[in-house]
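*Asks:* What follows is entry-v7.cif, mmCIF, C-alpha atoms (C1' of nucleotides).
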```cif
data_protein
loop_
_atom_site.label_atom_id
_atom_site.label_comp_id
_atom_site.auth_asym_id
_atom_site.auth_seq_id
_atom_site.Cartn_x
_atom_site.Cartn_y
_atom_site.Cartn_z
CA MET A 1 84.31 21.33 81.56
CA SER A 2 87.81 22.45 82.38
CA ILE A 3 91.21 21.01 82.94
CA SER A 4 92.21 20.53 86.54
CA MET A 5 95.77 21.35 87.42
CA SER A 6 97.73 20.08 90.33
CA ASP A 7 101.34 20.97 89.92
CA SER A 8 101.40 24.03 92.10
CA LYS A 9 101.54 23.91 95.86
CA LYS A 10 98.01 25.11 96.30
CA ARG A 11 95.48 23.67 93.89
CA MET A 12 94.02 25.85 91.23
CA VAL A 13 90.35 26.37 90.88
CA ASP A 14 87.74 26.37 88.17
CA LEU A 15 86.10 29.74 87.80
CA ASP A 16 83.45 30.65 85.29
CA ALA A 17 82.62 34.07 83.88
CA ILE A 18 80.34 34.93 86.81
CA ASP A 19 83.00 34.07 89.38
CA ARG A 20 85.61 36.08 87.55
CA ARG A 21 83.44 39.13 87.18
CA LEU A 22 82.48 38.91 90.83
CA LEU A 23 86.12 38.67 91.89
CA ILE A 24 86.97 41.72 89.83
CA GLU A 25 84.14 43.75 91.32
CA LEU A 26 84.82 42.70 94.91
CA THR A 27 88.45 43.52 94.38
CA ARG A 28 87.50 46.98 93.17
CA ASP A 29 84.98 47.58 95.95
CA ALA A 30 84.44 45.04 98.65
CA ARG A 31 81.34 46.85 99.88
CA THR A 32 79.59 46.77 96.55
CA SER A 33 76.03 45.53 96.62
CA LEU A 34 75.52 42.05 95.24
CA ARG A 35 72.04 43.05 94.24
CA ARG A 36 73.05 45.87 91.96
CA LEU A 37 75.85 43.76 90.55
CA ALA A 38 73.38 40.95 89.95
CA GLU A 39 71.20 43.29 87.90
CA GLU A 40 74.13 44.44 85.81
CA MET A 41 75.14 40.86 85.17
CA ASN A 42 71.62 39.55 84.64
CA VAL A 43 71.82 36.89 87.31
CA SER A 44 70.01 36.63 90.60
CA PRO A 45 71.44 38.05 93.82
CA ALA A 46 71.24 34.55 95.25
CA THR A 47 73.63 33.30 92.62
CA LEU A 48 76.22 35.94 93.43
CA HIS A 49 75.76 35.27 97.10
CA ASN A 50 76.39 31.57 96.51
CA ARG A 51 79.44 32.22 94.40
CA MET A 52 80.89 34.59 96.93
CA THR A 53 80.31 32.19 99.80
CA ARG A 54 81.87 29.36 97.82
CA MET A 55 84.96 31.36 96.94
CA VAL A 56 85.40 32.40 100.55
CA GLN A 57 85.12 28.77 101.66
CA GLU A 58 87.59 27.67 99.03
CA GLY A 59 90.00 30.31 100.24
CA ILE A 60 90.16 32.10 96.89
CA ILE A 61 88.82 35.14 98.68
CA LYS A 62 90.91 35.40 101.82
CA SER A 63 89.11 38.35 103.37
CA PHE A 64 87.43 41.68 102.88
CA VAL A 65 89.43 44.57 104.24
CA ALA A 66 89.69 48.33 104.33
CA LEU A 67 92.99 49.56 102.92
CA LEU A 68 94.35 52.44 104.94
CA ASP A 69 96.80 55.22 104.21
CA TYR A 70 99.36 54.46 106.86
CA SER A 71 101.35 57.60 106.31
CA LYS A 72 98.25 59.56 107.35
CA LEU A 73 98.10 57.44 110.46
CA GLY A 74 101.64 58.27 111.45
CA PHE A 75 103.50 55.35 109.92
CA ALA A 76 105.70 57.43 107.66
CA LEU A 77 108.58 55.01 107.54
CA THR A 78 108.79 51.79 105.56
CA GLY A 79 111.79 49.52 105.78
CA ILE A 80 112.88 46.59 103.66
CA ILE A 81 114.98 44.30 105.78
CA MET A 82 116.90 41.35 104.43
CA ALA A 83 118.27 38.76 106.77
CA LYS A 84 120.63 35.82 106.54
CA VAL A 85 119.34 33.21 108.95
CA ASP A 86 120.77 29.98 110.24
CA GLY A 87 119.02 27.40 108.07
CA LYS A 88 117.88 25.16 110.88
CA HIS A 89 115.88 27.93 112.47
CA LEU A 90 114.53 29.61 109.36
CA VAL A 91 110.92 28.47 109.57
CA GLU A 92 110.74 29.16 113.26
CA PHE A 93 112.20 32.61 112.75
CA GLU A 94 109.80 33.41 109.94
CA LYS A 95 106.77 32.53 112.00
CA GLU A 96 108.05 34.75 114.76
CA ILE A 97 108.65 37.69 112.51
CA ALA A 98 105.38 37.28 110.60
CA ASN A 99 103.54 37.87 113.86
CA ALA A 100 105.22 41.16 114.59
CA ASP A 101 102.85 44.13 114.62
CA ASN A 102 104.72 46.22 112.08
CA VAL A 103 105.30 43.61 109.43
CA ILE A 104 103.27 43.55 106.23
CA ALA A 105 105.27 40.99 104.31
CA VAL A 106 107.77 38.19 104.82
CA TYR A 107 109.32 36.39 101.88
CA ASP A 108 111.58 33.38 101.71
CA VAL A 109 114.12 34.03 99.00
CA VAL A 110 117.18 32.50 97.44
CA GLY A 111 120.47 34.31 97.23
CA GLU A 112 122.70 36.25 99.51
CA TYR A 113 119.91 36.63 102.07
CA ASP A 114 117.22 34.16 103.10
CA VAL A 115 114.38 36.37 104.19
CA VAL A 116 112.99 39.69 103.04
CA ILE A 117 110.83 41.58 105.51
CA ILE A 118 108.76 44.66 104.79
CA ALA A 119 107.60 46.62 107.79
CA LYS A 120 106.14 50.00 108.70
CA PHE A 121 107.15 52.31 111.52
CA ARG A 122 106.23 55.62 113.07
CA SER A 123 109.79 56.79 113.46
CA VAL A 124 113.42 55.97 112.91
CA GLU A 125 113.58 55.03 116.57
CA GLU A 126 110.91 52.40 116.09
CA LEU A 127 112.69 50.95 113.08
CA ASP A 128 115.93 51.03 114.99
CA SER A 129 114.59 49.09 117.93
CA PHE A 130 113.00 46.59 115.54
CA LEU A 131 116.39 46.00 113.96
CA LYS A 132 118.15 45.75 117.32
CA GLN A 133 115.58 43.19 118.41
CA LEU A 134 116.30 41.22 115.24
CA LEU A 135 120.03 41.28 115.74
CA LYS A 136 119.69 40.06 119.30
CA ASN A 137 118.40 36.85 117.78
CA PRO A 138 121.37 34.46 117.50
CA LYS A 139 119.76 32.72 114.51
CA ILE A 140 120.46 35.80 112.43
CA GLU A 141 123.86 36.04 110.87
CA ARG A 142 123.48 39.42 109.24
CA THR A 143 120.92 41.90 107.97
CA TYR A 144 120.72 44.60 105.35
CA THR A 145 118.14 47.36 105.64
CA SER A 146 116.84 49.60 102.89
CA ILE A 147 115.04 52.68 104.06
CA VAL A 148 112.12 53.47 101.80
CA LEU A 149 112.15 57.11 100.76
CA ASN A 150 108.91 56.97 98.90
CA VAL A 151 106.19 54.39 98.54
CA VAL A 152 105.43 54.67 94.84
CA LYS A 153 102.88 51.89 94.90
CA GLU A 154 101.60 49.50 97.51
CA ASP A 155 98.47 47.66 96.54
CA PRO A 156 97.77 43.99 97.12
CA ARG A 157 95.75 43.75 93.92
CA ILE A 158 97.00 42.56 90.58
CA ARG A 159 95.14 42.05 87.34
CA ILE A 160 94.09 38.45 87.44
CA PHE A 161 92.14 37.92 84.21
CA MET B 1 91.04 67.35 122.19
CA SER B 2 94.15 66.13 120.47
CA ILE B 3 97.45 67.42 119.29
CA SER B 4 97.76 68.09 115.59
CA MET B 5 101.01 67.18 113.89
CA SER B 6 102.30 68.44 110.60
CA ASP B 7 105.85 67.33 110.07
CA SER B 8 105.22 64.37 107.81
CA LYS B 9 104.66 64.57 104.09
CA LYS B 10 101.00 63.74 104.33
CA ARG B 11 99.22 65.41 107.16
CA MET B 12 98.17 63.38 110.11
CA VAL B 13 94.64 63.26 111.26
CA ASP B 14 92.72 63.54 114.47
CA LEU B 15 90.85 60.38 115.26
CA ASP B 16 88.72 59.75 118.29
CA ALA B 17 87.87 56.44 119.91
CA ILE B 18 84.93 55.85 117.57
CA ASP B 19 87.03 56.43 114.46
CA ARG B 20 89.74 54.16 115.73
CA ARG B 21 87.41 51.34 116.63
CA LEU B 22 85.69 51.68 113.27
CA LEU B 23 89.01 51.52 111.43
CA ILE B 24 89.97 48.39 113.31
CA GLU B 25 86.70 46.68 112.50
CA LEU B 26 86.67 47.67 108.84
CA THR B 27 90.21 46.45 108.57
CA ARG B 28 89.17 43.11 110.02
CA ASP B 29 86.05 42.81 107.88
CA ALA B 30 85.17 45.43 105.33
CA ARG B 31 81.70 43.96 104.83
CA THR B 32 80.75 44.18 108.48
CA SER B 33 77.42 45.81 109.24
CA LEU B 34 77.64 49.29 110.67
CA ARG B 35 74.38 48.69 112.46
CA ARG B 36 75.61 45.76 114.52
CA LEU B 37 78.87 47.55 115.18
CA ALA B 38 76.92 50.60 116.28
CA GLU B 39 75.03 48.52 118.82
CA GLU B 40 78.25 47.09 120.23
CA MET B 41 79.70 50.57 120.49
CA ASN B 42 76.55 52.24 121.77
CA VAL B 43 76.41 54.82 119.02
CA SER B 44 73.97 55.22 116.17
CA PRO B 45 74.52 53.58 112.79
CA ALA B 46 74.35 57.04 111.23
CA THR B 47 77.33 58.14 113.28
CA LEU B 48 79.43 55.26 112.05
CA HIS B 49 78.26 55.93 108.54
CA ASN B 50 79.32 59.56 108.85
CA ARG B 51 82.69 58.63 110.29
CA MET B 52 83.29 56.12 107.55
CA THR B 53 82.35 58.57 104.81
CA ARG B 54 84.56 61.23 106.34
CA MET B 55 87.57 58.94 106.60
CA VAL B 56 87.12 57.85 103.00
CA GLN B 57 86.97 61.49 101.90
CA GLU B 58 90.05 62.31 103.92
CA GLY B 59 91.86 59.44 102.30
CA ILE B 60 92.55 57.63 105.56
CA ILE B 61 90.54 54.76 104.15
CA LYS B 62 91.88 54.30 100.64
CA SER B 63 89.46 51.60 99.56
CA PHE B 64 87.57 48.46 100.47
CA VAL B 65 88.89 45.39 98.74
CA ALA B 66 88.68 41.63 98.65
CA LEU B 67 92.04 40.02 99.34
CA LEU B 68 92.60 37.04 97.08
CA ASP B 69 94.84 34.01 97.30
CA TYR B 70 96.85 34.53 94.14
CA SER B 71 98.57 31.19 94.27
CA LYS B 72 95.13 29.59 93.94
CA LEU B 73 94.54 31.77 90.91
CA GLY B 74 97.68 30.55 89.22
CA PHE B 75 100.14 33.23 90.29
CA ALA B 76 102.54 30.92 92.02
CA LEU B 77 105.63 33.04 91.51
CA THR B 78 106.61 36.18 93.37
CA GLY B 79 109.71 38.12 92.49
CA ILE B 80 111.55 40.89 94.28
CA ILE B 81 113.36 42.98 91.73
CA MET B 82 115.83 45.68 92.59
CA ALA B 83 116.94 48.15 89.99
CA LYS B 84 119.58 50.81 89.68
CA VAL B 85 118.08 53.58 87.58
CA ASP B 86 119.56 56.66 85.97
CA GLY B 87 118.60 59.38 88.43
CA LYS B 88 117.11 61.76 85.90
CA HIS B 89 114.53 59.24 84.83
CA LEU B 90 113.72 57.67 88.17
CA VAL B 91 110.30 59.21 88.73
CA GLU B 92 109.23 58.56 85.17
CA PHE B 93 110.40 54.96 85.41
CA GLU B 94 108.60 54.40 88.67
CA LYS B 95 105.30 55.63 87.30
CA GLU B 96 105.70 53.32 84.37
CA ILE B 97 106.47 50.28 86.45
CA ALA B 98 103.75 51.02 89.01
CA ASN B 99 101.18 50.68 86.25
CA ALA B 100 102.31 47.24 85.21
CA ASP B 101 99.68 44.56 85.75
CA ASN B 102 101.83 42.24 87.83
CA VAL B 103 103.24 44.74 90.26
CA ILE B 104 101.99 44.96 93.83
CA ALA B 105 104.62 47.28 95.23
CA VAL B 106 107.22 49.81 94.15
CA TYR B 107 109.55 51.39 96.67
CA ASP B 108 112.10 54.15 96.31
CA VAL B 109 115.07 53.21 98.42
CA VAL B 110 118.55 54.37 99.27
CA GLY B 111 121.59 52.24 98.78
CA GLU B 112 123.06 50.10 96.09
CA TYR B 113 119.77 50.04 94.21
CA ASP B 114 117.19 52.78 93.75
CA VAL B 115 113.96 50.91 93.32
CA VAL B 116 112.50 47.74 94.78
CA ILE B 117 109.68 46.12 92.85
CA ILE B 118 107.49 43.28 94.05
CA ALA B 119 105.50 41.48 91.40
CA LYS B 120 103.55 38.27 90.85
CA PHE B 121 103.66 35.91 87.90
CA ARG B 122 102.07 32.75 86.61
CA SER B 123 105.32 31.21 85.47
CA VAL B 124 109.05 31.62 85.24
CA GLU B 125 108.54 32.60 81.61
CA GLU B 126 106.33 35.50 82.63
CA LEU B 127 108.85 36.70 85.18
CA ASP B 128 111.58 36.30 82.63
CA SER B 129 109.86 38.42 80.01
CA PHE B 130 109.09 41.04 82.65
CA LEU B 131 112.80 41.24 83.46
CA LYS B 132 113.80 41.35 79.82
CA GLN B 133 111.35 44.18 79.27
CA LEU B 134 112.94 46.01 82.20
CA LEU B 135 116.46 45.57 80.91
CA LYS B 136 115.49 46.88 77.49
CA ASN B 137 114.91 50.18 79.20
CA PRO B 138 118.09 52.23 78.82
CA LYS B 139 117.34 54.09 82.05
CA ILE B 140 118.14 50.93 83.97
CA GLU B 141 121.76 50.32 84.76
CA ARG B 142 121.39 46.97 86.48
CA THR B 143 118.90 44.76 88.29
CA TYR B 144 118.99 42.06 90.92
CA THR B 145 116.14 39.61 91.21
CA SER B 146 115.23 37.48 94.21
CA ILE B 147 112.90 34.61 93.49
CA VAL B 148 110.48 34.12 96.34
CA LEU B 149 110.37 30.49 97.39
CA ASN B 150 107.64 30.95 99.91
CA VAL B 151 105.34 33.80 100.82
CA VAL B 152 105.37 33.55 104.58
CA LYS B 153 103.19 36.59 105.05
CA GLU B 154 101.63 39.13 102.75
CA ASP B 155 98.99 41.26 104.37
CA PRO B 156 98.57 44.99 103.90
CA ARG B 157 97.33 45.42 107.46
CA ILE B 158 99.41 46.43 110.43
CA ARG B 159 98.37 47.12 113.99
CA ILE B 160 97.70 50.81 114.05
CA PHE B 161 96.57 51.55 117.62
"C1'" DC C 1 75.55 63.06 117.28
"C1'" DG C 2 70.96 60.90 117.19
"C1'" DT C 3 66.23 60.05 115.24
"C1'" DG C 4 63.20 58.15 112.17
"C1'" DA C 5 61.57 56.67 107.82
"C1'" DA C 6 62.26 55.31 103.14
"C1'" DA C 7 65.00 52.85 100.16
"C1'" DC C 8 67.95 49.34 99.54
"C1'" DT C 9 70.40 44.86 100.64
"C1'" DG C 10 71.62 40.15 102.34
"C1'" DT C 11 69.99 35.73 102.98
"C1'" DT C 12 67.10 31.89 102.76
"C1'" DC C 13 64.39 28.37 100.59
"C1'" DA C 14 61.02 25.77 97.80
"C1'" DC C 15 60.75 25.11 93.13
"C1'" DG C 16 62.19 24.01 88.44
"C1'" DA C 17 65.65 23.51 84.61
"C1'" DT D 1 73.37 20.13 90.63
"C1'" DC D 2 72.66 24.83 90.34
"C1'" DG D 3 70.03 29.15 89.43
"C1'" DT D 4 65.72 31.61 90.34
"C1'" DG D 5 62.24 34.63 92.37
"C1'" DA D 6 59.92 35.99 96.23
"C1'" DA D 7 59.81 37.09 100.94
"C1'" DC D 8 61.52 38.88 105.18
"C1'" DA D 9 64.80 40.56 108.22
"C1'" DG D 10 68.59 43.40 108.34
"C1'" DT D 11 71.04 47.64 106.63
"C1'" DT D 12 72.18 52.03 104.64
"C1'" DT D 13 71.24 56.60 103.97
"C1'" DC D 14 69.38 61.18 104.46
"C1'" DA D 15 67.13 65.37 106.07
"C1'" DC D 16 66.34 67.28 110.21
"C1'" DG D 17 66.61 68.49 115.28
#
```
Using the file provided, produce a representation of the structure as structure tokens.

*Replies:*
Amino acid sequence: MSISMSDSKKRMVDLDAIDRRLLIELTRDARTSLRRLAEEMNVSPATLHNRMTRMVQEGIIKSFVALLDYSKLGFALTGIIMAKVDGKHLVEFEKEIANADNVIAVYDVVGEYDVVIIAKFRSVEELDSFLKQLLKNPKIERTYTSIVLNVVKEDPRIRIF
Amino acid sequence: MSISMSDSKKRMVDLDAIDRRLLIELTRDARTSLRRLAEEMNVSPATLHNRMTRMVQEGIIKSFVALLDYSKLGFALTGIIMAKVDGKHLVEFEKEIANADNVIAVYDVVGEYDVVIIAKFRSVEELDSFLKQLLKNPKIERTYTSIVLNVVKEDPRIRIF
DNA sequence: CGTGAAACTGTTCACGA
DNA sequence: TCGTGAACAGTTTCACG
């Protein structure tokens, strides 16, 4: 029995100890074997399989992915780009930019700028042409770009429990 | 036969068509079966297994993870925090902050601020105490925080080939 | 890189708590 | 409703050529 909450945009979910443990393990290693995990947890593999399937359906687990070292793949440059966008076209603009190949994050923010974009490039030239493309867009009033000198941490995982 | 490059911090790697295809697929679905993939690609499962192991050893593949929807887990708040840090203590500070539970990214940047931190919280109170903790640190000269109103995109994957 | 075989794993389903 | 155990098909993994 647990309290259901509904005041955030996306509804929260009831997770028991098995779900939580499974989330932690899949977050640590998405290729882990449910069977071995099941033994450790003293439940049946079928149970873990059900839980996993359910959490994928509910959208709690968005996907299973390999995290790559982009600098080893030639993307040595990360840029943080902030843009002030004409309010009427903000959503439209965001959708556009979110689909760009280089972009790993797009955030709507409040303050001096409206959008923060994080993107990865192979070279200064690539970043430069990305920015020029942006500025061509008449919806954009101004941009500010921070060049990232060093990616200290970049990991989509946080401690959830 | 491919050209080897060595002018970036981390060395680049030679990848053939099999490696590249494998990376793309594992990035799409880390739990995909190498056997089925092998059939599609007309190579043996053992080959794909070898390639995968090699790329993990080389650090090209950093890890396999489940991506979660944090807003469904109660982390409705994302903050982008910029900090101006006393230069002598920058590296030390960054290591510290990178280990914090809520932090998904830490970037070294040039400009008005030295560090950009992206972190997720369950509530304004949590964000607030995170910021207060930061400001207690005498190494920090000033901070600027953007509250994220909407996460338009947040996906560690970019198009690599 | 491929083969082949052994070991392991995912997935399903009828049953029972 | 939900977990279980057993069964089978699918998969990984390894030594070797």

*Asks:* Name the residues in contact with region 7-14 of chain D at a cut-off of 8 Å, using all atoms listed in the file, excluding same-chain residues fewer than 6 positions from it; report them as number ranges by chain.

*Replies:* B: 33-35, 46; C: 8-10

*Asks:* On this file, the PyMOL selection byres ((chain A) within 8 of (chain B)) gives some set of residues; write that set as a VMD selection string.

*Replies:* chain A and resid 8 10 to 13 23 26 to 31 59 to 74 76 94 to 95 98 101 to 111 120 146 to 160

*Asks:* To test your reading of the syntax: which residues would the PyMOL selection byres ((chain B) within 10 of (chain C)) return for the file shown? Reply as a compact mmCIF listing (two decimals) with C-alpha atoms, in the coordinates of the input.

*Replies:*
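See result19.txt below for the written result:
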```txt
# COMPACT_ATOMS: atom_id res chain seq x y z
CA VAL B 43 76.41 54.82 119.02
CA SER B 44 73.97 55.22 116.17
CA PRO B 45 74.52 53.58 112.79
CA ALA B 46 74.35 57.04 111.23
CA THR B 47 77.33 58.14 113.28
CA ASN B 50 79.32 59.56 108.85
```

*Asks:* Please report the interatomic distance between CA of Phe130 (chain B) and CA of Val85 (chain B) in Å with one decimal.

*Replies:*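 We find that CA of Phe130 (chain B) and CA of Val85 (chain B) lie 16.2 Å from each other.
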
*Asks:* Please evaluate the PyMOL selection byres ((chain D) within 9 of (chain A)) against the structure above and give the resulting residues as an NGL selection string.

*Replies:* :D and (2-5)

*Asks:* How many Å separate CA of Lys84 (chain B) from CA of Leu127 (chain A)?

*Replies:*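 Interatomic distance here is 24.4 Å.
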
*Asks:* Any idea what the distance is between CA of Pro138 (chain A) and CA of His89 (chain A)?

*Replies:*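 Taking CA of Pro138 (chain A) as the start and CA of His89 (chain A) as the end point, the length is 9.9 Å.
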
*Asks:* Which residues are close to Met41 (chain A), i.e. within 9 Å by all atoms listed in the file, leaving aside same-chain residues fewer than 3 positions away? Reply as JSON, numbers by chain.

*Replies:* {"A": [18, 21, 36, 37, 38, 44]}
